[in-house]
Every structure is written in C-alpha cells, then in structure tokens.
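Data file: model.cif. Format and content: mmCIF, C-alpha atoms and all ligand atoms.
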data_target
#
loop_
_atom_site.label_atom_id
_atom_site.label_comp_id
_atom_site.auth_asym_id
_atom_site.auth_seq_id
_atom_site.Cartn_x
_atom_site.Cartn_y
_atom_site.Cartn_z
CA MET U 1 1.41 -26.04 11.90
CA LYS U 2 0.57 -22.88 13.80
CA ILE U 3 0.13 -20.03 11.30
CA GLY U 4 0.09 -16.36 12.30
CA ILE U 5 -1.66 -14.19 9.73
CA LEU U 6 -0.85 -10.48 10.00
CA GLY U 7 -3.79 -8.79 8.28
CA SER U 8 -7.56 -8.71 8.67
CA GLY U 9 -8.46 -7.78 5.07
CA ILE U 10 -9.74 -10.10 2.35
CA VAL U 11 -6.28 -11.66 1.84
CA GLY U 12 -5.75 -12.27 5.55
CA GLN U 13 -9.21 -13.83 5.93
CA THR U 14 -8.95 -15.96 2.76
CA LEU U 15 -5.53 -17.35 3.63
CA ALA U 16 -6.58 -17.89 7.25
CA SER U 17 -9.56 -19.98 6.10
CA GLY U 18 -7.35 -21.80 3.57
CA PHE U 19 -4.74 -22.75 6.16
CA ILE U 20 -7.51 -24.03 8.48
CA GLN U 21 -9.02 -26.03 5.62
CA HIS U 22 -5.55 -27.57 5.12
CA SER U 23 -5.41 -28.72 8.78
CA ASN U 24 -3.43 -25.90 10.41
CA GLN U 25 -4.16 -23.76 13.46
CA VAL U 26 -4.43 -20.05 12.71
CA LYS U 27 -4.28 -16.83 14.72
CA VAL U 28 -5.08 -13.66 12.77
CA GLY U 29 -3.31 -10.49 13.95
CA THR U 30 -5.00 -7.11 13.72
CA SER U 31 -5.31 -3.85 15.62
CA ASN U 32 -9.05 -4.09 14.94
CA PRO U 33 -10.33 -7.46 16.29
CA GLY U 34 -14.00 -6.46 15.80
CA LYS U 35 -13.46 -6.60 12.00
CA LEU U 36 -13.09 -10.36 12.31
CA ASN U 37 -16.20 -11.16 14.36
CA ASP U 38 -18.15 -12.53 11.38
CA TRP U 39 -15.15 -14.49 10.06
CA LEU U 40 -14.43 -15.94 13.50
CA LYS U 41 -18.05 -17.10 13.98
CA ASN U 42 -17.72 -19.45 10.98
CA ALA U 43 -14.03 -20.33 11.14
CA GLY U 44 -14.15 -23.19 13.66
CA SER U 45 -12.08 -24.20 16.66
CA ASP U 46 -8.67 -23.89 14.91
CA ALA U 47 -9.19 -20.13 14.46
CA SER U 48 -8.37 -17.30 16.84
CA VAL U 49 -7.72 -13.57 16.70
CA GLY U 50 -5.19 -11.40 18.56
CA SER U 51 -2.84 -8.46 18.19
CA PHE U 52 -0.08 -8.45 15.54
CA GLU U 53 2.30 -9.39 18.37
CA ASP U 54 0.06 -12.22 19.65
CA ALA U 55 -0.26 -13.74 16.16
CA THR U 56 3.50 -13.59 15.55
CA LYS U 57 4.36 -15.12 18.93
CA PHE U 58 1.84 -17.93 18.29
CA ALA U 59 3.22 -18.73 14.84
CA ASP U 60 5.60 -21.37 13.50
CA LEU U 61 5.12 -19.57 10.18
CA VAL U 62 3.91 -15.99 9.60
CA VAL U 63 1.91 -14.59 6.67
CA LEU U 64 2.21 -10.86 6.04
CA ALA U 65 -1.03 -9.65 4.42
CA VAL U 66 -1.36 -5.96 5.25
CA LYS U 67 -1.47 -2.84 3.12
CA GLY U 68 2.04 -2.45 1.62
CA ALA U 69 2.56 1.03 3.08
CA ALA U 70 1.79 -0.34 6.57
CA ALA U 71 4.06 -3.41 6.35
CA LEU U 72 7.04 -1.99 8.25
CA ASP U 73 4.81 -0.52 10.93
CA VAL U 74 3.01 -3.86 11.41
CA LEU U 75 6.31 -5.81 11.58
CA LYS U 76 7.50 -3.39 14.27
CA LYS U 77 4.33 -4.17 16.24
CA ALA U 78 4.89 -7.90 15.64
CA GLY U 79 8.30 -7.57 17.32
CA SER U 80 11.67 -8.51 15.82
CA SER U 81 12.38 -11.18 18.46
CA ASN U 82 9.07 -12.90 17.58
CA LEU U 83 9.95 -12.88 13.86
CA LYS U 84 13.48 -14.21 14.33
CA GLY U 85 14.23 -17.45 12.45
CA LYS U 86 10.68 -17.74 11.10
CA THR U 87 9.46 -18.05 7.53
CA ILE U 88 7.41 -14.98 6.57
CA ILE U 89 5.18 -15.42 3.54
CA ASP U 90 5.02 -11.92 2.06
CA ALA U 91 1.79 -11.37 0.11
CA THR U 92 2.00 -7.58 0.13
CA ASN U 93 2.22 -5.20 -2.80
CA PRO U 94 3.62 -1.65 -2.64
CA ILE U 95 0.54 0.01 -4.09
CA ALA U 96 0.63 3.83 -3.94
CA GLU U 97 -2.31 5.97 -2.79
CA THR U 98 -2.47 7.60 -6.24
CA ALA U 99 -5.15 6.30 -8.63
CA PRO U 100 -4.36 3.79 -11.41
CA VAL U 101 -3.63 5.33 -14.84
CA ASN U 102 -5.76 3.67 -17.56
CA GLY U 103 -6.03 0.60 -15.32
CA VAL U 104 -2.30 0.56 -14.45
CA LEU U 105 -1.65 0.65 -10.70
CA GLN U 106 1.09 2.92 -9.34
CA PHE U 107 3.71 1.69 -6.85
CA PHE U 108 5.63 3.63 -4.20
CA THR U 109 8.76 1.52 -4.92
CA ASN U 110 10.84 1.56 -8.09
CA ILE U 111 11.82 -1.20 -10.51
CA ASN U 112 15.31 -1.55 -8.96
CA HIS U 113 14.11 -1.99 -5.39
CA SER U 114 11.18 -4.00 -4.05
CA LEU U 115 9.17 -3.75 -0.88
CA MET U 116 10.24 -7.24 0.19
CA GLU U 117 13.93 -6.30 -0.03
CA ASP U 118 13.19 -3.44 2.35
CA LEU U 119 11.42 -5.75 4.80
CA GLN U 120 14.21 -8.36 4.56
CA SER U 121 16.95 -5.80 5.19
CA LYS U 122 15.11 -4.33 8.22
CA TYR U 123 14.54 -7.85 9.65
CA PRO U 124 17.62 -9.84 8.55
CA GLU U 125 16.93 -12.68 10.99
CA ALA U 126 13.49 -13.42 9.51
CA ASN U 127 13.16 -15.39 6.26
CA PHE U 128 10.86 -13.59 3.83
CA VAL U 129 9.40 -15.43 0.84
CA LYS U 130 7.42 -13.46 -1.73
CA CYS U 131 4.26 -15.42 -2.48
CA PHE U 132 0.56 -14.92 -3.33
CA SER U 133 1.16 -11.28 -4.36
CA CYS U 134 0.46 -11.89 -8.08
CA VAL U 135 -3.07 -13.28 -7.90
CA GLY U 136 -6.45 -12.14 -6.55
CA SER U 137 -7.48 -13.39 -3.12
CA ALA U 138 -10.32 -15.54 -4.52
CA LEU U 139 -7.76 -17.73 -6.35
CA MET U 140 -5.09 -18.08 -3.65
CA VAL U 141 -6.32 -21.36 -2.17
CA ASN U 142 -7.23 -24.40 -4.32
CA PRO U 143 -7.39 -22.41 -7.60
CA ASP U 144 -9.70 -24.20 -10.05
CA PHE U 145 -8.75 -23.91 -13.74
CA ASN U 146 -10.30 -27.17 -14.95
CA GLY U 147 -7.40 -29.29 -13.79
CA GLN U 148 -4.61 -26.94 -14.99
CA LYS U 149 -2.40 -25.70 -12.17
CA PRO U 150 -1.50 -22.00 -12.37
CA THR U 151 2.04 -20.84 -11.50
CA MET U 152 2.98 -19.13 -8.26
CA PHE U 153 6.28 -17.26 -8.48
CA ILE U 154 8.24 -17.18 -5.23
CA ALA U 155 11.53 -15.58 -4.19
CA GLY U 156 13.59 -15.23 -1.04
CA ASN U 157 17.09 -15.67 0.37
CA ASN U 158 16.53 -18.72 2.58
CA ASP U 159 16.24 -22.11 0.86
CA LYS U 160 14.67 -23.85 3.86
CA ALA U 161 11.94 -21.20 4.05
CA LYS U 162 11.24 -21.52 0.32
CA LYS U 163 11.01 -25.31 0.69
CA GLU U 164 8.43 -24.81 3.44
CA VAL U 165 6.44 -22.40 1.23
CA LYS U 166 6.69 -24.73 -1.76
CA SER U 167 5.16 -27.54 0.27
CA ILE U 168 2.25 -25.24 1.29
CA LEU U 169 1.73 -24.23 -2.35
CA ASP U 170 1.78 -27.88 -3.44
CA ASN U 171 -1.04 -28.55 -0.97
CA PHE U 172 -2.95 -25.44 -2.08
CA GLY U 173 -2.83 -26.62 -5.72
CA TRP U 174 -0.13 -24.44 -7.33
CA ASP U 175 2.79 -25.06 -9.64
CA VAL U 176 5.75 -23.33 -8.02
CA GLU U 177 8.52 -21.39 -9.78
CA ASP U 178 11.38 -20.34 -7.52
CA MET U 179 12.81 -17.17 -9.04
CA GLY U 180 15.79 -16.99 -6.68
CA SER U 181 16.82 -14.43 -4.09
CA ALA U 182 14.97 -11.46 -2.56
CA GLU U 183 15.95 -9.21 -5.49
CA ALA U 184 13.57 -11.24 -7.69
CA ALA U 185 10.70 -9.58 -5.81
CA ARG U 186 11.50 -6.59 -8.08
CA ALA U 187 10.01 -8.68 -10.89
CA ILE U 188 7.29 -10.50 -8.93
CA GLU U 189 5.68 -7.52 -7.19
CA PRO U 190 4.88 -5.73 -10.51
CA LEU U 191 3.00 -8.83 -11.71
CA CYS U 192 0.22 -7.46 -9.49
CA ILE U 193 0.01 -4.44 -11.80
CA LEU U 194 -0.30 -6.70 -14.84
CA TRP U 195 -2.81 -9.00 -13.09
CA CYS U 196 -5.09 -6.06 -12.20
CA ILE U 197 -5.25 -4.44 -15.67
CA PRO U 198 -8.01 -6.71 -17.10
CA GLY U 199 -9.87 -6.15 -13.83
CA PHE U 200 -9.81 -2.36 -13.97
CA ARG U 201 -10.38 -2.19 -17.74
CA GLU U 202 -12.90 -5.00 -18.31
CA ASN U 203 -13.95 -6.20 -14.85
CA ARG U 204 -12.17 -9.55 -15.43
CA TRP U 205 -10.64 -10.81 -12.18
CA THR U 206 -10.59 -14.62 -12.55
CA HIS U 207 -7.23 -15.26 -14.25
CA ALA U 208 -3.84 -16.43 -12.98
CA PHE U 209 -0.37 -16.67 -14.53
CA LYS U 210 1.03 -19.87 -16.03
CA LEU U 211 4.69 -20.32 -17.03
CA LEU U 212 4.77 -22.56 -20.11
CA LYS U 213 7.91 -24.66 -20.45
CA LYS U 214 9.37 -27.22 -22.85
N1 LIG D 301 -6.91 -8.05 -2.39
C1 LIG D 301 -6.26 -8.92 -3.15
O1 LIG D 301 -6.89 -9.69 -3.91
C2 LIG D 301 -4.75 -9.00 -3.10
C3 LIG D 301 -4.09 -9.95 -3.91
C4 LIG D 301 -2.69 -10.08 -3.80
C5 LIG D 301 -2.00 -9.29 -2.90
N2 LIG D 301 -2.67 -8.36 -2.13
C6 LIG D 301 -1.90 -7.58 -1.16
O2 LIG D 301 -2.18 -8.15 0.12
C7 LIG D 301 -2.18 -7.12 1.13
C8 LIG D 301 -3.52 -7.15 1.88
O3 LIG D 301 -4.54 -6.80 0.99
P1 LIG D 301 -6.09 -6.76 1.41
O4 LIG D 301 -6.83 -6.48 0.16
O5 LIG D 301 -6.42 -7.96 2.22
O6 LIG D 301 -6.26 -5.56 2.42
P2 LIG D 301 -5.61 -4.12 2.69
O7 LIG D 301 -6.74 -3.19 2.86
O8 LIG D 301 -4.56 -3.79 1.69
O9 LIG D 301 -4.92 -4.37 4.11
C9 LIG D 301 -5.65 -4.60 5.26
C10 LIG D 301 -4.70 -4.77 6.41
O10 LIG D 301 -3.74 -3.71 6.45
C11 LIG D 301 -3.70 -3.15 7.74
N3 LIG D 301 -3.48 -1.68 7.63
C12 LIG D 301 -3.99 -0.87 6.74
N4 LIG D 301 -3.56 0.41 6.95
C13 LIG D 301 -2.76 0.36 8.02
C14 LIG D 301 -2.01 1.32 8.73
N5 LIG D 301 -1.97 2.60 8.34
N6 LIG D 301 -1.29 0.91 9.80
C15 LIG D 301 -1.31 -0.38 10.19
N7 LIG D 301 -2.02 -1.35 9.54
C16 LIG D 301 -2.72 -1.00 8.47
C17 LIG D 301 -5.05 -3.43 8.36
O11 LIG D 301 -4.87 -3.44 9.76
P3 LIG D 301 -6.02 -3.80 10.82
O12 LIG D 301 -6.16 -5.30 10.75
O13 LIG D 301 -5.45 -3.36 12.10
O14 LIG D 301 -7.25 -3.07 10.38
C18 LIG D 301 -5.40 -4.76 7.76
O15 LIG D 301 -4.88 -5.83 8.53
C19 LIG D 301 -1.89 -5.81 0.39
O16 LIG D 301 -0.52 -5.52 0.47
C20 LIG D 301 -2.31 -6.12 -1.05
O17 LIG D 301 -1.61 -5.32 -1.99
C21 LIG D 301 -4.02 -8.20 -2.23
#

Output the file's structure as structure tokens, nothing else.
Ligand SMILES: NC(=O)c1ccc[n+]([C@@H]2O[C@H](COP(=O)([O-])OP(=O)(O)OC[C@H]3O[C@@H](n4cnc5c(N)ncnc54)[C@H](OP(=O)(O)O)[C@@H]3O)[C@@H](O)[C@H]2O)c1
Amino acid sequence: MKIGILGSGIVGQTLASGFIQHSNQVKVGTSNPGKLNDWLKNAGSDASVGSFEDATKFADLVVLAVKGAAALDVLKKAGSSNLKGKTIIDATNPIAETAPVNGVLQFFTNINHSLMEDLQSKYPEANFVKCFSCVGSALMVNPDFNGQKPTMFIAGNNDKAKKEVKSILDNFGWDVEDMGSAEAARAIEPLCILWCIPGFRENRWTHAFKLLKK
C-alpha cells in the first residue's frame, strides 16, 4: 500500500520505518522537510518526504501523527478532498501545554469529548480510527514481550476502515480490541495518561497494555 504519514516526530518516523519494513511505500508529510534528512538517508527507496498535502494525495491510507493541538491545522493543510474516503489512523493525543501533575499529563479535551471525535466531525467523509495512541513509539511496531502480544485498542465509525487497521496491527504483532465507535476515543485517549505515569515517576517506558479475557 501507499501510506501517507502526517508528522515528522518520533512517532511519524517510527511508523514510517515500520510500514516500509512491512513492504509498503511511504511518504512522510511535514512543513519542515530538513528534519527528515537523516531518516531519509537510511530509509531506502520506498521512502519519500513531501508537504502534508503531498503525503495525503499520495496515500491509500493516512497516518495522523502530529502534536494534538496542531491536528486540525495539519488536516486543513492536507486538504479535505485528499482525505475523502480514506482510512486515517489517528495516533494523536490531546496533550495540553501545561506540565504534568505528579506524573499525570493534562489534556485540553474533557472526558465527555475526545480529540478524534472533533477530527471526525470536521472531516465526515474521512474514516478515522484511533490507534497507536496508548503506547510509546518504541513499541508501536513488532512489540517484543517474550512472545506475548500486547493489546491495541482501536475505535472508529467505519467498519471497513477498522478492518484495514486490524490487518495492519496483525502484521505489526498486536492483539486488537475494537472498542466500537468514535466516542470510544474518550476512553482510549486517556490511556496515554496512564501509560506515561510510570515513565514520569520512575523512568519506566517499556510497558504496554494487555486485556486479559476468559
Ligand atoms: N512520542 C510518543 O511515544 C507517542 C506515543 C503515542 C502517541 N503519541 C502522539 O503522537 C503525536 C506525535 O507525537 P511525536 O512525539 O512524534 O511528536 P510531536 O512533537 O507531538 O509532533 C510532531 C509533529 O507535529 C507537528 N506540529 C507541531 N506543532 C505544530 C504546529 N503548531 N502546527 C503544525 N504542525 C505542528 C510537527 O510538524 P512539522 O513536521 O512541520 O515540524 C511534527 O510533524 C502526538 O499527538 C503524541 O501525543 C506520541
């Protein structure tokens, strides 16, 4: 597939490399192409860099991996006609500028409304799927927990888009739990707060969530 990654940070670069490793072509979108010079040098012939609009036009599937507060601005630059009908993997978290309190991050959204619902309602013809937001970038692709697969929680309104994302997650080595419609992002986005607490308090960043079932 052709994957357009909107975001040049650690998440954008990690997922871009992961999608290439899993035999896809990738264009990373940024307003700052120079930031990706080092990444591009080592990324091989399936990698390219362009504007947010270039990456979205190129893509069969889009990954949104920008700062949460910039997500709407970046989607505007991507262009609504380029997003139309596409699956958008939404890895963003609505982290506020204010500092964490005792290791607990602050969000600019509230518990009854998520960032992804905002994005979905502004771009109703795109198919957002919350994914990758509840784990650190180093564990997003081929997470290694001695043979145990961690759980990735996903949510979104379009079943075909979620099926597409589930198949990507299967290849990347995740167990997938579909939590339902876009409103479930209200529960998934705050998992980022929980995930980060051991990191801020004890410098432990190598865990992932697992849903135990019987
Ligand atoms: N870091 C993690 O381990 C992790 C894990 C799970 C989820 N997330 C979420 O994934 C997203 C990306 O995280 P990250 O750590 O890779 O990097 P980040 O620093 O949160 O985001 C970098 C990206 O955001 C864009 N950006 C920042 N400010 C902007 C602004 N004012 N206007 C337009 N674009 C702006 C940058 O654009 P340019 O490319 O133009 O510079 C860049 O592409 C975030 O929402 C984060 O919460 C992060």

Two-atom distance - CA of Ile188 in chain U, atom C17 of ligand LIG 301 (chain D) (Å):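 If I compute the distance from CA of Ile188 in chain U to atom C17 of ligand LIG 301 (chain D), I get 22.4 Å.
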
Please identify every residue of range 133-185 of chain U that has at least one atom no farther than 8 Å from an atom of range 111-128 of chain U, counting all atoms listed in the file, and for each give the shortest atom pair and the distance in Å to one decimal, arranged by chain then increasing number, as a Markdown table.
| residue | atom | partner | partner_atom | distance |
| --- | --- | --- | --- | --- |
| U:Gly156 | CA | U:Phe128 | CA | 5.8 |
| U:Asn157 | CA | U:Asn127 | CA | 7.1 |
| U:Asn158 | CA | U:Asn127 | CA | 6.0 |
| U:Ala161 | CA | U:Asn127 | CA | 6.3 |
| U:Ala182 | CA | U:Glu117 | CA | 5.8 |
| U:Glu183 | CA | U:Glu117 | CA | 6.5 |
| U:Ala185 | CA | U:Ser114 | CA | 5.9 |

Those same residues - C-alpha atoms - I'd like them written as a compact mmCIF listing (two decimals), keeping the file's coordinate frame.
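Result file out.txt:
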# COMPACT_ATOMS: atom_id res chain seq x y z
CA GLY U 156 13.59 -15.23 -1.04
CA ASN U 157 17.09 -15.67 0.37
CA ASN U 158 16.53 -18.72 2.58
CA ALA U 161 11.94 -21.20 4.05
CA ALA U 182 14.97 -11.46 -2.56
CA GLU U 183 15.95 -9.21 -5.49
CA ALA U 185 10.70 -9.58 -5.81

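Closest approach to Leu211 in chain U among U:Ala43, U:Met179, U:Val63, U:Ala71 is made by U:Met179 (distances from all atoms listed in the file).
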
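Considering all atoms listed in the file, the residue among U:Thr92, U:Ser81, U:Gln106, U:Asn171 positioned nearest to ligand LIG 301 (chain D) is U:Thr92.
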
Residue nearest Val66 in chain U among U:Ile5, U:Leu194, U:Val135, U:Ala184 (counting only C-alpha atoms): U:Ile5

d(atom C12 of ligand LIG 301 (chain D), CA of Lys76 in chain U) in Å: 14.0 Å

Top pick for closest residue to ligand LIG 301 (chain D), considering U:Leu212, U:Val74, U:Cys196, U:Leu40 and counting only C-alpha atoms and all ligand atoms: U:Val74

For Gly50 in chain U, the nearest of the candidates U:Asn102, U:Ser31, U:Pro150, U:Met1, counting all atoms listed in the file: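 The shortest atom-to-atom distance to Gly50 in chain U comes from U:Ser31.
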
All residues 7 Å or closer to Lys77 in chain U, only C-alpha atoms, same chain fewer than 2 positions away omitted, as a ChimeraX atom specification: /U:52-53,73-75,79

Surroundings of ligand LIG 301 (chain D) up to 8 Å, based on only C-alpha atoms and all ligand atoms, as a PyMOL selection string: chain U and resi 6-13+29-33+35+64-71+73-74+91-95+132-138+192

Atoms added to range 51-86 of chain U (N, CA and C atoms), reported as a short mmCIF file (atom, residue, chain, number, x, y, z; two decimals), keeping the file's coordinate frame:
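Final file, selection.cif:
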data_model
loop_
_atom_site.label_atom_id
_atom_site.label_comp_id
_atom_site.auth_asym_id
_atom_site.auth_seq_id
_atom_site.Cartn_x
_atom_site.Cartn_y
_atom_site.Cartn_z
N SER U 51 -3.59 -9.60 18.71
CA SER U 51 -2.84 -8.46 18.19
C SER U 51 -1.81 -8.97 17.17
N PHE U 52 -1.15 -8.03 16.47
CA PHE U 52 -0.08 -8.45 15.54
C PHE U 52 1.00 -9.20 16.32
N GLU U 53 1.28 -8.73 17.54
CA GLU U 53 2.30 -9.39 18.37
C GLU U 53 1.85 -10.79 18.79
N ASP U 54 0.59 -10.90 19.23
CA ASP U 54 0.06 -12.22 19.65
C ASP U 54 0.17 -13.23 18.51
N ALA U 55 -0.24 -12.81 17.30
CA ALA U 55 -0.26 -13.74 16.16
C ALA U 55 1.16 -14.18 15.80
N THR U 56 2.11 -13.26 15.92
CA THR U 56 3.50 -13.59 15.55
C THR U 56 4.13 -14.52 16.58
N LYS U 57 3.84 -14.25 17.86
CA LYS U 57 4.36 -15.12 18.93
C LYS U 57 3.82 -16.54 18.77
N PHE U 58 2.54 -16.64 18.44
CA PHE U 58 1.84 -17.93 18.29
C PHE U 58 2.43 -18.77 17.16
N ALA U 59 2.98 -18.09 16.13
CA ALA U 59 3.22 -18.73 14.84
C ALA U 59 4.50 -19.54 14.75
N ASP U 60 4.40 -20.70 14.04
CA ASP U 60 5.60 -21.37 13.50
C ASP U 60 5.96 -20.68 12.20
N LEU U 61 4.94 -20.24 11.47
CA LEU U 61 5.12 -19.57 10.18
C LEU U 61 4.17 -18.37 10.13
N VAL U 62 4.68 -17.24 9.61
CA VAL U 62 3.91 -15.99 9.60
C VAL U 62 3.53 -15.65 8.16
N VAL U 63 2.32 -15.12 7.98
CA VAL U 63 1.91 -14.59 6.67
C VAL U 63 1.70 -13.10 6.83
N LEU U 64 2.38 -12.31 6.00
CA LEU U 64 2.21 -10.86 6.04
C LEU U 64 1.22 -10.46 4.95
N ALA U 65 0.04 -9.96 5.39
CA ALA U 65 -1.03 -9.65 4.42
C ALA U 65 -1.68 -8.32 4.81
N VAL U 66 -0.84 -7.30 4.93
CA VAL U 66 -1.36 -5.96 5.25
C VAL U 66 -1.09 -5.03 4.07
N LYS U 67 -1.72 -3.87 4.12
CA LYS U 67 -1.47 -2.84 3.12
C LYS U 67 0.05 -2.61 3.01
N GLY U 68 0.59 -2.55 1.78
CA GLY U 68 2.04 -2.45 1.62
C GLY U 68 2.66 -1.31 2.42
N ALA U 69 2.00 -0.15 2.40
CA ALA U 69 2.56 1.03 3.08
C ALA U 69 2.60 0.85 4.59
N ALA U 70 1.85 -0.12 5.12
CA ALA U 70 1.79 -0.34 6.57
C ALA U 70 2.68 -1.51 7.01
N ALA U 71 3.35 -2.16 6.04
CA ALA U 71 4.06 -3.41 6.35
C ALA U 71 5.15 -3.22 7.42
N LEU U 72 5.96 -2.18 7.28
CA LEU U 72 7.04 -1.99 8.25
C LEU U 72 6.49 -1.68 9.64
N ASP U 73 5.44 -0.87 9.67
CA ASP U 73 4.81 -0.52 10.93
C ASP U 73 4.25 -1.77 11.63
N VAL U 74 3.61 -2.63 10.85
CA VAL U 74 3.01 -3.86 11.41
C VAL U 74 4.11 -4.81 11.90
N LEU U 75 5.22 -4.92 11.14
CA LEU U 75 6.31 -5.81 11.58
C LEU U 75 6.94 -5.29 12.87
N LYS U 76 6.98 -3.97 13.02
CA LYS U 76 7.50 -3.39 14.27
C LYS U 76 6.60 -3.80 15.44
N LYS U 77 5.28 -3.75 15.20
CA LYS U 77 4.33 -4.17 16.24
C LYS U 77 4.44 -5.67 16.52
N ALA U 78 4.75 -6.44 15.48
CA ALA U 78 4.89 -7.90 15.64
C ALA U 78 6.07 -8.22 16.55
N GLY U 79 7.14 -7.41 16.45
CA GLY U 79 8.30 -7.57 17.32
C GLY U 79 9.40 -8.40 16.67
N SER U 80 10.61 -7.81 16.56
CA SER U 80 11.67 -8.51 15.82
C SER U 80 12.05 -9.83 16.49
N SER U 81 11.99 -9.91 17.81
CA SER U 81 12.38 -11.18 18.46
C SER U 81 11.36 -12.28 18.16
N ASN U 82 10.09 -11.89 17.91
CA ASN U 82 9.07 -12.90 17.58
C ASN U 82 9.17 -13.37 16.13
N LEU U 83 9.82 -12.54 15.29
CA LEU U 83 9.95 -12.88 13.86
C LEU U 83 11.21 -13.72 13.59
N LYS U 84 12.15 -13.61 14.52
CA LYS U 84 13.48 -14.21 14.33
C LYS U 84 13.43 -15.69 13.95
N GLY U 85 14.11 -16.05 12.87
CA GLY U 85 14.23 -17.45 12.45
C GLY U 85 12.99 -18.01 11.76
N LYS U 86 11.92 -17.20 11.68
CA LYS U 86 10.68 -17.74 11.10
C LYS U 86 10.57 -17.44 9.60
#
